[in-house]
>>> print(open('structure.cif').read())   # mmCIF, C-alpha atoms
data_query
#
loop_
_atom_site.group_PDB
_atom_site.id
_atom_site.type_symbol
_atom_site.label_atom_id
_atom_site.label_comp_id
_atom_site.auth_asym_id
_atom_site.auth_seq_id
_atom_site.Cartn_x
_atom_site.Cartn_y
_atom_site.Cartn_z
ATOM 1 C CA VAL A 786 -60.156 -0.827 132.290
ATOM 2 C CA GLN A 787 -58.366 1.875 134.237
ATOM 3 C CA LEU A 788 -54.983 3.368 133.451
ATOM 4 C CA GLN A 789 -53.044 5.315 136.062
ATOM 5 C CA ALA A 790 -49.942 7.211 135.026
ATOM 6 C CA SER A 791 -47.383 8.247 137.618
ATOM 7 C CA GLY A 792 -43.769 9.293 137.962
ATOM 8 C CA GLY A 793 -43.971 12.866 136.745
ATOM 9 C CA GLY A 794 -42.208 15.701 138.479
ATOM 10 C CA MET A 795 -39.967 18.730 138.147
ATOM 11 C CA VAL A 796 -36.449 18.154 136.855
ATOM 12 C CA GLN A 797 -33.659 20.072 135.211
ATOM 13 C CA ALA A 798 -32.578 19.810 131.614
ATOM 14 C CA GLY A 799 -30.438 16.729 131.118
ATOM 15 C CA ASP A 800 -32.070 14.781 133.926
ATOM 16 C CA SER A 801 -34.033 11.545 133.629
ATOM 17 C CA LEU A 802 -37.464 10.395 134.733
ATOM 18 C CA ARG A 803 -39.338 7.133 134.424
ATOM 19 C CA LEU A 804 -43.074 7.250 134.005
ATOM 20 C CA SER A 805 -45.256 4.282 134.853
ATOM 21 C CA CYS A 806 -48.719 3.395 133.661
ATOM 22 C CA ALA A 807 -50.465 0.764 135.735
ATOM 23 C CA ALA A 808 -53.447 -0.935 134.134
ATOM 24 C CA SER A 809 -56.306 -2.664 135.826
ATOM 25 C CA GLY A 810 -58.985 -4.692 134.197
ATOM 26 C CA ARG A 811 -59.099 -7.482 131.744
ATOM 27 C CA ALA A 812 -56.756 -8.432 128.961
ATOM 28 C CA PHE A 813 -54.199 -5.647 129.329
ATOM 29 C CA ASN A 814 -51.552 -7.863 127.792
ATOM 30 C CA ASN A 815 -53.641 -8.408 124.672
ATOM 31 C CA TYR A 816 -53.433 -4.778 123.586
ATOM 32 C CA HIS A 817 -50.878 -2.311 122.358
ATOM 33 C CA MET A 818 -49.996 0.723 124.454
ATOM 34 C CA GLY A 819 -48.957 4.265 123.751
ATOM 35 C CA TRP A 820 -47.669 7.369 125.481
ATOM 36 C CA PHE A 821 -48.802 10.818 124.450
ATOM 37 C CA ARG A 822 -48.220 14.309 125.770
ATOM 38 C CA ARG A 823 -49.848 17.691 125.721
ATOM 39 C CA ALA A 824 -47.743 20.777 126.291
ATOM 40 C CA PRO A 825 -49.330 24.057 127.379
ATOM 41 C CA GLU A 826 -51.266 25.667 124.537
ATOM 42 C CA ARG A 827 -50.375 22.850 122.144
ATOM 43 C CA GLU A 828 -52.162 19.915 120.632
ATOM 44 C CA ARG A 829 -51.736 16.465 122.049
ATOM 45 C CA GLU A 830 -48.901 14.606 120.359
ATOM 46 C CA PHE A 831 -47.776 11.043 120.096
ATOM 47 C CA VAL A 832 -44.625 10.053 121.989
ATOM 48 C CA ALA A 833 -44.112 6.276 121.849
ATOM 49 C CA ALA A 834 -45.861 2.973 121.257
ATOM 50 C CA ILE A 835 -45.249 -0.644 122.138
ATOM 51 C CA ASN A 836 -46.994 -3.662 120.709
ATOM 52 C CA ARG A 837 -48.920 -6.150 122.783
ATOM 53 C CA ASP A 838 -46.020 -8.588 122.857
ATOM 54 C CA GLY A 839 -43.553 -5.955 123.967
ATOM 55 C CA VAL A 840 -41.121 -6.761 121.158
ATOM 56 C CA SER A 841 -41.860 -3.867 118.821
ATOM 57 C CA THR A 842 -41.691 -0.156 119.580
ATOM 58 C CA TYR A 843 -41.644 3.114 117.711
ATOM 59 C CA TYR A 844 -41.209 6.736 118.667
ATOM 60 C CA ALA A 845 -41.848 10.303 117.671
ATOM 61 C CA ALA A 846 -38.803 11.833 116.022
ATOM 62 C CA SER A 847 -38.541 14.410 118.798
ATOM 63 C CA VAL A 848 -37.882 11.764 121.466
ATOM 64 C CA LYS A 849 -36.219 8.946 119.529
ATOM 65 C CA GLY A 850 -32.906 8.023 121.076
ATOM 66 C CA ARG A 851 -33.798 9.675 124.396
ATOM 67 C CA PHE A 852 -37.000 7.910 125.459
ATOM 68 C CA THR A 853 -37.632 4.188 125.812
ATOM 69 C CA ILE A 854 -41.005 2.517 126.157
ATOM 70 C CA SER A 855 -41.287 -0.909 127.740
ATOM 71 C CA ARG A 856 -43.871 -3.098 129.414
ATOM 72 C CA ASP A 857 -43.959 -5.610 132.218
ATOM 73 C CA LYS A 858 -46.771 -8.036 131.570
ATOM 74 C CA ALA A 859 -46.566 -9.583 135.019
ATOM 75 C CA LYS A 860 -47.184 -6.176 136.563
ATOM 76 C CA ASN A 861 -49.662 -4.917 133.955
ATOM 77 C CA THR A 862 -47.501 -1.847 133.647
ATOM 78 C CA VAL A 863 -46.026 0.171 130.822
ATOM 79 C CA TYR A 864 -43.028 2.426 131.352
ATOM 80 C CA LEU A 865 -41.547 5.435 129.639
ATOM 81 C CA GLN A 866 -37.904 5.996 130.474
ATOM 82 C CA MET A 867 -37.025 9.579 129.600
ATOM 83 C CA ASN A 868 -33.377 10.568 129.431
ATOM 84 C CA SER A 869 -31.652 13.797 128.456
ATOM 85 C CA LEU A 870 -34.811 15.741 129.147
ATOM 86 C CA LYS A 871 -35.246 19.123 127.516
ATOM 87 C CA PRO A 872 -37.471 22.062 128.458
ATOM 88 C CA GLU A 873 -39.557 21.320 125.370
ATOM 89 C CA ASP A 874 -40.450 17.947 126.895
ATOM 90 C CA THR A 875 -42.522 19.798 129.495
ATOM 91 C CA ALA A 876 -46.076 18.474 129.197
ATOM 92 C CA VAL A 877 -48.754 16.337 130.753
ATOM 93 C CA TYR A 878 -48.015 12.766 129.736
ATOM 94 C CA TYR A 879 -50.802 10.284 129.121
ATOM 95 C CA CYS A 880 -50.799 6.566 128.577
ATOM 96 C CA ALA A 881 -53.421 4.934 126.449
ATOM 97 C CA ARG A 882 -54.470 1.470 125.355
ATOM 98 C CA SER A 883 -55.223 0.603 121.788
ATOM 99 C CA GLY A 884 -58.795 -0.104 120.839
ATOM 100 C CA GLY A 885 -57.884 -3.323 119.061
ATOM 101 C CA ALA A 886 -55.094 -5.869 118.948
ATOM 102 C CA SER A 887 -54.319 -5.986 115.242
ATOM 103 C CA TYR A 888 -51.201 -4.710 113.511
ATOM 104 C CA SER A 889 -53.189 -1.842 112.036
ATOM 105 C CA ASP A 890 -54.277 -0.826 115.529
ATOM 106 C CA TYR A 891 -50.614 -0.728 116.508
ATOM 107 C CA ALA A 892 -49.672 1.348 113.495
ATOM 108 C CA ARG A 893 -52.506 3.800 114.159
ATOM 109 C CA ILE A 894 -51.266 4.659 117.632
ATOM 110 C CA ALA A 895 -49.011 7.351 116.177
ATOM 111 C CA LEU A 896 -52.148 9.093 114.963
ATOM 112 C CA GLY A 897 -53.766 8.873 118.385
ATOM 113 C CA ASP A 898 -56.519 7.169 116.483
ATOM 114 C CA GLY A 899 -58.773 4.499 117.831
ATOM 115 C CA MET A 900 -57.340 4.370 121.332
ATOM 116 C CA GLY A 901 -59.697 2.511 123.627
ATOM 117 C CA TYR A 902 -58.779 3.914 127.032
ATOM 118 C CA TRP A 903 -56.819 6.878 128.339
ATOM 119 C CA GLY A 904 -55.170 7.461 131.675
ATOM 120 C CA ALA A 905 -55.453 10.688 133.646
ATOM 121 C CA GLY A 906 -51.951 11.977 132.920
ATOM 122 C CA THR A 907 -48.899 12.967 134.899
ATOM 123 C CA LEU A 908 -47.120 16.315 134.671
ATOM 124 C CA VAL A 909 -43.475 16.554 133.679
ATOM 125 C CA THR A 910 -41.769 19.915 134.020
ATOM 126 C CA VAL A 911 -38.235 20.403 132.736
ATOM 127 C CA SER A 912 -36.428 23.592 133.635
ATOM 128 C CA SER A 913 -33.464 24.975 131.738
#
>>> encode(input="structure.cif", output="structure tokens")
Amino acid sequence: VQLQASGGGMVQAGDSLRLSCAASGRAFNNYHMGWFRRAPEREREFVAAINRDGVSTYYAASVKGRFTISRDKAKNTVYLQMNSLKPEDTAVYYCARSGGASYSDYARIALGDGMGYWGAGTLVTVSS
């Protein structure tokens, strides 16, 4: 399984970006997906998760209401629509696939726990 994140760039505060995470390999649609980010000199943090069916999502409090995660099963792709970007959203963003397909695996995504595969990341820089 390979995950390739793209769509990062340099924007101004208030702008929008859409990140994409294209997956190759088997059974992408059988697993949950998550987005994470790591800001300079900070620990990696959870951003958003979507279940394998694409009907359930949840978000970190810092992005809820501004970011939207979605998936296109036909394209084996997960998206992160980011609106009203703030300078504190500046980070390298990573997509990751859950290690299992159960509900508990979905719930654990917020902990960054048990993820099976990680993408290489894409840099988002938001200037004030």
>>> resolve_selection(input="structure.cif", expression="the PyMOL selection byres ((chain A and resi 863) around 6)", output="list in words")
Ser805, Cys806, Ser855, Arg856, Thr862 and Tyr864 of chain A
>>> resolve_selection(input="structure.cif", expression="the PyMOL selection byres ((chain A and resi 793) around 9)", output="number ranges by chain")
A: 790-792, 794-795, 802-805, 877-878, 906-910
>>> write_last_selection(input="structure.cif", atoms="C-alpha atoms", output="short mmCIF file (atom, residue, chain, number, x, y, z; two decimals), in the coordinates of the input")
data_model
loop_
_atom_site.label_atom_id
_atom_site.label_comp_id
_atom_site.auth_asym_id
_atom_site.auth_seq_id
_atom_site.Cartn_x
_atom_site.Cartn_y
_atom_site.Cartn_z
CA ALA A 790 -49.94 7.21 135.03
CA SER A 791 -47.38 8.25 137.62
CA GLY A 792 -43.77 9.29 137.96
CA GLY A 794 -42.21 15.70 138.48
CA MET A 795 -39.97 18.73 138.15
CA LEU A 802 -37.46 10.40 134.73
CA ARG A 803 -39.34 7.13 134.42
CA LEU A 804 -43.07 7.25 134.00
CA SER A 805 -45.26 4.28 134.85
CA VAL A 877 -48.75 16.34 130.75
CA TYR A 878 -48.02 12.77 129.74
CA GLY A 906 -51.95 11.98 132.92
CA THR A 907 -48.90 12.97 134.90
CA LEU A 908 -47.12 16.32 134.67
CA VAL A 909 -43.48 16.55 133.68
CA THR A 910 -41.77 19.92 134.02
#
>>> resolve_selection(input="structure.cif", expression="the PyMOL selection byres ((chain A and resi 807-812) around 12)", output="MDAnalysis selection string")
chainID A and resid 786:792 804:806 813:818 837 856:865 879:886 902:906
>>> residues_near_point(input="structure.cif", point="(-31.3, 15.8, 136.0)", cutoff="12 Å", atoms="all atoms listed in the file", output="VMD selection string")
chain A and resid 794 to 803 867 to 872 910 to 913
>>> closest_residue(input="structure.cif", among="A:Ser847, A:Gln866, A:Asn836, A:Thr875", to="Ser889 of chain A", atoms="only C-alpha atoms")
A:Asn836
>>> atom_distance(input="structure.cif", atom1="atom CA of Tyr844 of chain A", atom2="atom CA of Glu826 of chain A")
22.2 Å
>>> atom_distance(input="structure.cif", atom1="atom CA of Ser841 of chain A", atom2="atom CA of Gly901 of chain A")
19.5 Å
>>> decode(input="structure.cif", residues="segment 855-886 of chain A", atoms="N, CA, C and O atoms", output="PDB file, in the first residue's frame")
ATOM      1  N   SER A 855     -13.256  13.816   3.333  1.00  0.00           N
ATOM      2  CA  SER A 855     -14.168  13.030   2.498  1.00  0.00           C
ATOM      3  C   SER A 855     -13.348  11.993   1.744  1.00  0.00           C
ATOM      4  O   SER A 855     -12.118  12.043   1.747  1.00  0.00           O
ATOM      5  N   ARG A 856     -14.039  11.057   1.115  1.00  0.00           N
ATOM      6  CA  ARG A 856     -13.324  10.050   0.335  1.00  0.00           C
ATOM      7  C   ARG A 856     -14.120   9.699  -0.912  1.00  0.00           C
ATOM      8  O   ARG A 856     -15.352   9.731  -0.899  1.00  0.00           O
ATOM      9  N   ASP A 857     -13.383   9.375  -1.941  1.00  0.00           N
ATOM     10  CA  ASP A 857     -13.964   8.942  -3.206  1.00  0.00           C
ATOM     11  C   ASP A 857     -13.470   7.519  -3.444  1.00  0.00           C
ATOM     12  O   ASP A 857     -12.311   7.309  -3.807  1.00  0.00           O
ATOM     13  N   LYS A 858     -14.335   6.570  -3.208  1.00  0.00           N
ATOM     14  CA  LYS A 858     -13.926   5.174  -3.312  1.00  0.00           C
ATOM     15  C   LYS A 858     -13.538   4.798  -4.728  1.00  0.00           C
ATOM     16  O   LYS A 858     -12.633   3.994  -4.937  1.00  0.00           O
ATOM     17  N   ALA A 859     -14.204   5.356  -5.705  1.00  0.00           N
ATOM     18  CA  ALA A 859     -13.898   5.030  -7.095  1.00  0.00           C
ATOM     19  C   ALA A 859     -12.492   5.472  -7.476  1.00  0.00           C
ATOM     20  O   ALA A 859     -11.846   4.858  -8.329  1.00  0.00           O
ATOM     21  N   LYS A 860     -12.021   6.531  -6.818  1.00  0.00           N
ATOM     22  CA  LYS A 860     -10.698   7.062  -7.130  1.00  0.00           C
ATOM     23  C   LYS A 860      -9.647   6.662  -6.097  1.00  0.00           C
ATOM     24  O   LYS A 860      -8.500   7.086  -6.197  1.00  0.00           O
ATOM     25  N   ASN A 861     -10.042   5.883  -5.109  1.00  0.00           N
ATOM     26  CA  ASN A 861      -9.114   5.504  -4.033  1.00  0.00           C
ATOM     27  C   ASN A 861      -8.416   6.724  -3.442  1.00  0.00           C
ATOM     28  O   ASN A 861      -7.202   6.723  -3.209  1.00  0.00           O
ATOM     29  N   THR A 862      -9.189   7.739  -3.186  1.00  0.00           N
ATOM     30  CA  THR A 862      -8.623   9.009  -2.743  1.00  0.00           C
ATOM     31  C   THR A 862      -9.403   9.558  -1.558  1.00  0.00           C
ATOM     32  O   THR A 862     -10.636   9.477  -1.515  1.00  0.00           O
ATOM     33  N   VAL A 863      -8.658  10.122  -0.632  1.00  0.00           N
ATOM     34  CA  VAL A 863      -9.239  10.825   0.505  1.00  0.00           C
ATOM     35  C   VAL A 863      -8.855  12.294   0.391  1.00  0.00           C
ATOM     36  O   VAL A 863      -7.736  12.618  -0.022  1.00  0.00           O
ATOM     37  N   TYR A 864      -9.777  13.161   0.753  1.00  0.00           N
ATOM     38  CA  TYR A 864      -9.555  14.598   0.636  1.00  0.00           C
ATOM     39  C   TYR A 864      -9.648  15.267   1.994  1.00  0.00           C
ATOM     40  O   TYR A 864     -10.320  14.781   2.907  1.00  0.00           O
ATOM     41  N   LEU A 865      -8.979  16.411   2.087  1.00  0.00           N
ATOM     42  CA  LEU A 865      -9.137  17.277   3.250  1.00  0.00           C
ATOM     43  C   LEU A 865      -9.349  18.695   2.726  1.00  0.00           C
ATOM     44  O   LEU A 865      -8.400  19.320   2.234  1.00  0.00           O
ATOM     45  N   GLN A 866     -10.580  19.143   2.775  1.00  0.00           N
ATOM     46  CA  GLN A 866     -10.900  20.507   2.385  1.00  0.00           C
ATOM     47  C   GLN A 866     -10.651  21.405   3.577  1.00  0.00           C
ATOM     48  O   GLN A 866     -11.262  21.203   4.638  1.00  0.00           O
ATOM     49  N   MET A 867      -9.788  22.389   3.410  1.00  0.00           N
ATOM     50  CA  MET A 867      -9.410  23.275   4.505  1.00  0.00           C
ATOM     51  C   MET A 867      -9.827  24.694   4.155  1.00  0.00           C
ATOM     52  O   MET A 867      -9.329  25.271   3.189  1.00  0.00           O
ATOM     53  N   ASN A 868     -10.747  25.215   4.929  1.00  0.00           N
ATOM     54  CA  ASN A 868     -11.239  26.580   4.728  1.00  0.00           C
ATOM     55  C   ASN A 868     -10.832  27.462   5.891  1.00  0.00           C
ATOM     56  O   ASN A 868     -10.473  26.976   6.962  1.00  0.00           O
ATOM     57  N   SER A 869     -10.897  28.760   5.671  1.00  0.00           N
ATOM     58  CA  SER A 869     -10.582  29.729   6.730  1.00  0.00           C
ATOM     59  C   SER A 869      -9.257  29.394   7.401  1.00  0.00           C
ATOM     60  O   SER A 869      -9.160  29.352   8.639  1.00  0.00           O
ATOM     61  N   LEU A 870      -8.250  29.177   6.592  1.00  0.00           N
ATOM     62  CA  LEU A 870      -6.955  28.767   7.128  1.00  0.00           C
ATOM     63  C   LEU A 870      -6.345  29.848   7.999  1.00  0.00           C
ATOM     64  O   LEU A 870      -6.529  31.056   7.757  1.00  0.00           O
ATOM     65  N   LYS A 871      -5.639  29.393   9.020  1.00  0.00           N
ATOM     66  CA  LYS A 871      -4.986  30.280   9.978  1.00  0.00           C
ATOM     67  C   LYS A 871      -3.488  30.000   9.975  1.00  0.00           C
ATOM     68  O   LYS A 871      -3.067  28.894   9.629  1.00  0.00           O
ATOM     69  N   PRO A 872      -2.685  30.949  10.388  1.00  0.00           N
ATOM     70  CA  PRO A 872      -1.235  30.699  10.453  1.00  0.00           C
ATOM     71  C   PRO A 872      -0.898  29.477  11.299  1.00  0.00           C
ATOM     72  O   PRO A 872       0.069  28.763  10.989  1.00  0.00           O
ATOM     73  N   GLU A 873      -1.681  29.215  12.325  1.00  0.00           N
ATOM     74  CA  GLU A 873      -1.404  28.055  13.177  1.00  0.00           C
ATOM     75  C   GLU A 873      -1.731  26.729  12.503  1.00  0.00           C
ATOM     76  O   GLU A 873      -1.444  25.667  13.068  1.00  0.00           O
ATOM     77  N   ASP A 874      -2.301  26.766  11.313  1.00  0.00           N
ATOM     78  CA  ASP A 874      -2.520  25.542  10.542  1.00  0.00           C
ATOM     79  C   ASP A 874      -1.270  25.155   9.745  1.00  0.00           C
ATOM     80  O   ASP A 874      -1.244  24.094   9.119  1.00  0.00           O
ATOM     81  N   THR A 875      -0.263  26.004   9.766  1.00  0.00           N
ATOM     82  CA  THR A 875       0.981  25.712   9.060  1.00  0.00           C
ATOM     83  C   THR A 875       1.607  24.432   9.605  1.00  0.00           C
ATOM     84  O   THR A 875       1.846  24.314  10.807  1.00  0.00           O
ATOM     85  N   ALA A 876       1.841  23.470   8.713  1.00  0.00           N
ATOM     86  CA  ALA A 876       2.363  22.168   9.127  1.00  0.00           C
ATOM     87  C   ALA A 876       2.572  21.307   7.886  1.00  0.00           C
ATOM     88  O   ALA A 876       2.104  21.638   6.794  1.00  0.00           O
ATOM     89  N   VAL A 877       3.254  20.192   8.095  1.00  0.00           N
ATOM     90  CA  VAL A 877       3.264  19.129   7.102  1.00  0.00           C
ATOM     91  C   VAL A 877       2.077  18.229   7.412  1.00  0.00           C
ATOM     92  O   VAL A 877       1.914  17.779   8.550  1.00  0.00           O
ATOM     93  N   TYR A 878       1.253  17.986   6.413  1.00  0.00           N
ATOM     94  CA  TYR A 878       0.056  17.188   6.578  1.00  0.00           C
ATOM     95  C   TYR A 878       0.287  15.789   6.006  1.00  0.00           C
ATOM     96  O   TYR A 878       0.800  15.645   4.886  1.00  0.00           O
ATOM     97  N   TYR A 879      -0.130  14.803   6.792  1.00  0.00           N
ATOM     98  CA  TYR A 879       0.052  13.409   6.419  1.00  0.00           C
ATOM     99  C   TYR A 879      -1.296  12.700   6.385  1.00  0.00           C
ATOM    100  O   TYR A 879      -2.145  12.938   7.247  1.00  0.00           O
ATOM    101  N   CYS A 880      -1.462  11.812   5.428  1.00  0.00           N
ATOM    102  CA  CYS A 880      -2.602  10.923   5.469  1.00  0.00           C
ATOM    103  C   CYS A 880      -2.124   9.554   5.932  1.00  0.00           C
ATOM    104  O   CYS A 880      -0.942   9.211   5.769  1.00  0.00           O
ATOM    105  N   ALA A 881      -3.022   8.819   6.506  1.00  0.00           N
ATOM    106  CA  ALA A 881      -2.673   7.506   7.013  1.00  0.00           C
ATOM    107  C   ALA A 881      -3.880   6.584   6.951  1.00  0.00           C
ATOM    108  O   ALA A 881      -5.022   7.040   7.045  1.00  0.00           O
ATOM    109  N   ARG A 882      -3.595   5.317   6.797  1.00  0.00           N
ATOM    110  CA  ARG A 882      -4.648   4.292   6.758  1.00  0.00           C
ATOM    111  C   ARG A 882      -4.664   3.533   8.059  1.00  0.00           C
ATOM    112  O   ARG A 882      -3.604   3.245   8.638  1.00  0.00           O
ATOM    113  N   SER A 883      -5.849   3.215   8.508  1.00  0.00           N
ATOM    114  CA  SER A 883      -5.951   2.460   9.757  1.00  0.00           C
ATOM    115  C   SER A 883      -5.355   1.071   9.595  1.00  0.00           C
ATOM    116  O   SER A 883      -5.281   0.522   8.495  1.00  0.00           O
ATOM    117  N   GLY A 884      -4.935   0.507  10.708  1.00  0.00           N
ATOM    118  CA  GLY A 884      -4.372  -0.832  10.662  1.00  0.00           C
ATOM    119  C   GLY A 884      -5.432  -1.912  10.563  1.00  0.00           C
ATOM    120  O   GLY A 884      -5.165  -3.009  10.080  1.00  0.00           O
ATOM    121  N   GLY A 885      -6.633  -1.619  11.027  1.00  0.00           N
ATOM    122  CA  GLY A 885      -7.723  -2.573  10.960  1.00  0.00           C
ATOM    123  C   GLY A 885      -8.999  -1.883  10.516  1.00  0.00           C
ATOM    124  O   GLY A 885      -9.023  -0.668  10.292  1.00  0.00           O
ATOM    125  N   ALA A 886     -10.054  -2.689  10.373  1.00  0.00           N
ATOM    126  CA  ALA A 886     -11.304  -2.155   9.830  1.00  0.00           C
ATOM    127  C   ALA A 886     -12.428  -2.114  10.847  1.00  0.00           C
ATOM    128  O   ALA A 886     -13.574  -1.826  10.484  1.00  0.00           O
TER     129      ALA A 886
END
